[in-house]
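Read the structure below first, then the notes.
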Amino acid sequence: MKKSIFLSIVLLLITICPRPETAAAETAKPVFFTGVKPTPQSMTVYGLVIPNDVGMLNQGLEIGVFDSQGTLCGASVVNVKNGGSFILQIYGDDLSTPALDEGAQPGERLYFNIYSKGAGKTIAASEISQVVNSYGNKAPRLPLRFEDRGHYGMDLIF
Ligand SMILES: [Ca+2]
């Protein structure tokens, strides 16, 4: 009995204490692409940012996802320690707030921009290639479009 209580406490501690890397990844919030409004509609995109200039990656990159009206509907800091990986939560428009456009409509094209901290400039979506990777549930059709509960793998190369 005592042993099982001890094990329960150990398991609880493992569960509630985040590993240092996870904590660092979660605290890295975008400072350039800000103002994303989370809504009940969302999709997830996983991948790598692969810049031609590796120095640009080391100095820090952020991804900002815009819909065709220029609404910022997702943003993330690229994880330099993990080789340029990213996880993006991209939000759709909340239909219960018709006066507000918080995000993308179903099927709407998404535009991925990248801010380079080192270069102090934004790389436009037109200069970034989207490439399918193996992280998602199924391969996306590119260029990527908004799909509620979509789960896709896509790398960004520029
Ligand atoms: Ca709305």
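Labels used: A, B, ... for chains in the order of the structure tokens, numbers from 1 for residues in each chain, and numbers from 1 for ligands as shown.
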
Could you list, as a PDB file with N, CA and C atoms, in the first residue's frame, all residues that come within 6 Å of ligand 1? Count only C-alpha atoms and all ligand atoms.
ATOM      1  N   ASP A  93     -12.232  31.789 -38.135  1.00  0.00           N
ATOM      2  CA  ASP A  93     -13.158  32.834 -37.714  1.00  0.00           C
ATOM      3  C   ASP A  93     -14.240  32.223 -36.822  1.00  0.00           C
ATOM      4  N   ASP A  94     -14.506  32.898 -35.701  1.00  0.00           N
ATOM      5  CA  ASP A  94     -15.560  32.453 -34.789  1.00  0.00           C
ATOM      6  C   ASP A  94     -16.905  32.947 -35.331  1.00  0.00           C
ATOM      7  N   LEU A  95     -17.769  32.006 -35.722  1.00  0.00           N
ATOM      8  CA  LEU A  95     -19.037  32.381 -36.358  1.00  0.00           C
ATOM      9  C   LEU A  95     -20.015  33.016 -35.368  1.00  0.00           C
ATOM     10  N   THR A  97     -19.351  35.437 -33.499  1.00  0.00           N
ATOM     11  CA  THR A  97     -19.046  36.871 -33.415  1.00  0.00           C
ATOM     12  C   THR A  97     -18.983  37.438 -34.838  1.00  0.00           C
ATOM     13  N   PRO A  98     -20.159  37.609 -35.483  1.00  0.00           N
ATOM     14  CA  PRO A  98     -20.166  38.029 -36.894  1.00  0.00           C
ATOM     15  C   PRO A  98     -19.520  39.392 -37.150  1.00  0.00           C
ATOM     16  N   LEU A 100     -16.796  40.461 -35.837  1.00  0.00           N
ATOM     17  CA  LEU A 100     -15.342  40.352 -35.722  1.00  0.00           C
ATOM     18  C   LEU A 100     -14.800  39.276 -36.651  1.00  0.00           C
ATOM     19  N   ASP A 101     -13.699  39.581 -37.315  1.00  0.00           N
ATOM     20  CA  ASP A 101     -13.038  38.572 -38.137  1.00  0.00           C
ATOM     21  C   ASP A 101     -11.755  38.153 -37.420  1.00  0.00           C
ATOM     22  N   GLU A 102     -11.834  37.034 -36.670  1.00  0.00           N
ATOM     23  CA  GLU A 102     -10.685  36.610 -35.870  1.00  0.00           C
ATOM     24  C   GLU A 102      -9.712  35.733 -36.643  1.00  0.00           C
TER      25      GLU A 102
END

Skip Gln89 in chain A itself and residues of its chain fewer than 4 positions away, then list as number ranges by chain all residues within 8 Å of it, counting only C-alpha atoms.
A: 42-45, 74-75

Could you give me, as a tab-separated table, a per-residue list for range 41-102 of chain A showing, wherever an atom lies at most 12 Å from an atom of range 121-131 of chain A, the closest pair of atoms and their distance in Å to one decimal, using only C-alpha atoms and sorting by chain then residue number from low to high?
residue	atom	partner	partner_atom	distance
A:Val45	CA	A:Gln130	CA	11.7
A:Tyr46	CA	A:Val131	CA	11.5
A:Gly47	CA	A:Val131	CA	9.3
A:Leu48	CA	A:Val131	CA	9.7
A:Val49	CA	A:Ile128	CA	9.7
A:Ile50	CA	A:Ile128	CA	9.7
A:Pro51	CA	A:Ile128	CA	9.2
A:Asn52	CA	A:Ile128	CA	10.7
A:Met56	CA	A:Lys121	CA	10.8
A:Gly60	CA	A:Lys121	CA	11.5
A:Leu61	CA	A:Thr122	CA	9.5
A:Glu62	CA	A:Thr122	CA	9.2
A:Ile63	CA	A:Thr122	CA	9.5
A:Gly64	CA	A:Ala125	CA	9.6
A:Val65	CA	A:Ala125	CA	9.0
A:Phe66	CA	A:Ala125	CA	9.4
A:Asp67	CA	A:Ala125	CA	11.3
A:Ser68	CA	A:Ala125	CA	11.5
A:Gly70	CA	A:Ala125	CA	11.8

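The space separating CA of Ser134 in chain A from CA of Gln59 in chain A comes to 26.6 Å.
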
Might you pull out every residue within 8 Å of range 143-152 of chain A, with only C-alpha atoms counted and same-chain residues fewer than 3 positions away left off, and present them as a short mmCIF file (atom, residue, chain, number, x, y, z; two decimals) with N, CA and C atoms, in the first residue's frame?
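Output file around-v2.cif is given in full below:
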data_model
loop_
_atom_site.label_atom_id
_atom_site.label_comp_id
_atom_site.auth_asym_id
_atom_site.auth_seq_id
_atom_site.Cartn_x
_atom_site.Cartn_y
_atom_site.Cartn_z
N GLN A 41 -12.39 27.27 -33.52
CA GLN A 41 -11.96 26.59 -34.75
C GLN A 41 -10.44 26.71 -34.88
N SER A 42 -9.76 25.57 -35.03
CA SER A 42 -8.31 25.68 -35.20
C SER A 42 -7.75 24.46 -35.91
N MET A 43 -6.57 24.65 -36.45
CA MET A 43 -5.82 23.55 -37.06
C MET A 43 -4.38 23.63 -36.56
N THR A 44 -3.66 22.52 -36.71
CA THR A 44 -2.29 22.45 -36.22
C THR A 44 -1.35 22.12 -37.37
N VAL A 45 -0.24 22.82 -37.41
CA VAL A 45 0.77 22.55 -38.43
C VAL A 45 2.13 22.37 -37.75
N TYR A 46 2.81 21.28 -38.09
CA TYR A 46 4.13 20.98 -37.54
C TYR A 46 5.15 21.00 -38.66
N ILE A 90 -3.38 27.44 -35.78
CA ILE A 90 -3.96 28.44 -36.68
C ILE A 90 -5.46 28.48 -36.45
N GLY A 92 -9.52 29.73 -36.89
CA GLY A 92 -10.55 30.10 -37.84
C GLY A 92 -11.42 31.22 -37.28
N ALA A 104 -9.32 32.61 -40.20
CA ALA A 104 -9.58 32.17 -41.57
C ALA A 104 -10.94 31.49 -41.70
N GLN A 105 -11.48 31.55 -42.91
CA GLN A 105 -12.69 30.81 -43.25
C GLN A 105 -12.28 29.41 -43.72
N PRO A 106 -13.20 28.43 -43.60
CA PRO A 106 -12.86 27.09 -44.11
C PRO A 106 -12.45 27.16 -45.58
N GLY A 107 -11.33 26.54 -45.90
CA GLY A 107 -10.87 26.51 -47.29
C GLY A 107 -10.09 27.73 -47.73
N GLU A 108 -9.99 28.71 -46.82
CA GLU A 108 -9.28 29.95 -47.19
C GLU A 108 -7.77 29.72 -47.21
N ARG A 109 -7.11 30.29 -48.20
CA ARG A 109 -5.67 30.14 -48.32
C ARG A 109 -4.96 30.86 -47.17
N LEU A 110 -3.90 30.21 -46.68
CA LEU A 110 -3.12 30.76 -45.57
C LEU A 110 -1.75 31.21 -46.08
N GLN A 130 6.45 26.05 -49.56
CA GLN A 130 5.82 25.10 -48.65
C GLN A 130 6.07 23.69 -49.17
N TYR A 135 4.96 14.73 -40.66
CA TYR A 135 4.47 14.88 -39.29
C TYR A 135 2.94 14.88 -39.14
N GLY A 136 2.23 15.15 -40.18
CA GLY A 136 0.78 15.30 -40.06
C GLY A 136 0.02 14.00 -40.16
N ASN A 137 -1.30 14.10 -39.99
CA ASN A 137 -2.16 12.92 -40.12
C ASN A 137 -2.25 12.47 -41.57
N LYS A 138 -2.24 13.43 -42.47
CA LYS A 138 -2.26 13.13 -43.90
C LYS A 138 -1.57 14.29 -44.61
N ALA A 139 -1.16 14.05 -45.84
CA ALA A 139 -0.44 15.10 -46.57
C ALA A 139 -1.39 16.22 -46.97
N PRO A 140 -0.99 17.48 -46.71
CA PRO A 140 -1.85 18.59 -47.12
C PRO A 140 -1.73 18.88 -48.61
#

Strand (DSSP E or B) residues, from DSSP on the backbone, in range 57-146 of chain A, as a ChimeraX atom specification:
/A:61-66,72-77,79,85-92,104,109,111-116,121-123,129-132,145

Just list as JSON, numbers by chain whatever in range 13-152 of chain A DSSP marks as alpha helix (DSSP H).
{"A": [13, 14, 15, 16, 20, 21, 22, 23, 24, 25, 26, 27, 54, 55, 56, 57, 58]}

d(CA of Gly83 in chain A, CA of Gly118 in chain A) in Å:
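Distance between the two atoms: 16.7 Å.
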
Between CA of Ala99 in chain A and CA of Gly35 in chain A, what is the spacing in Å?
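Distance reported for this atom pair: 17.2 Å.
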
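Residues within 8 Å of Lys37 in chain A, counting only C-alpha atoms and excluding same-chain residues fewer than 4 positions away, are Cys73, Tyr91, Glu102 and Gly103 of chain A.
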
Selection above as a file: N, CA and C atoms, as a tab-separated table (two decimals), in the first residue's frame:
chain	number	residue	atom	x	y	z
A	73	CYS	N	-3.78	34.95	-38.02
A	73	CYS	CA	-4.57	33.88	-37.39
A	73	CYS	C	-3.71	32.79	-36.76
A	91	TYR	N	-6.00	29.70	-36.24
A	91	TYR	CA	-7.40	29.82	-35.82
A	91	TYR	C	-8.32	30.26	-36.95
A	102	GLU	N	-11.83	37.03	-36.67
A	102	GLU	CA	-10.69	36.61	-35.87
A	102	GLU	C	-9.71	35.73	-36.64
A	103	GLY	N	-10.17	35.13	-37.73
A	103	GLY	CA	-9.29	34.19	-38.40
A	103	GLY	C	-9.82	33.76	-39.75
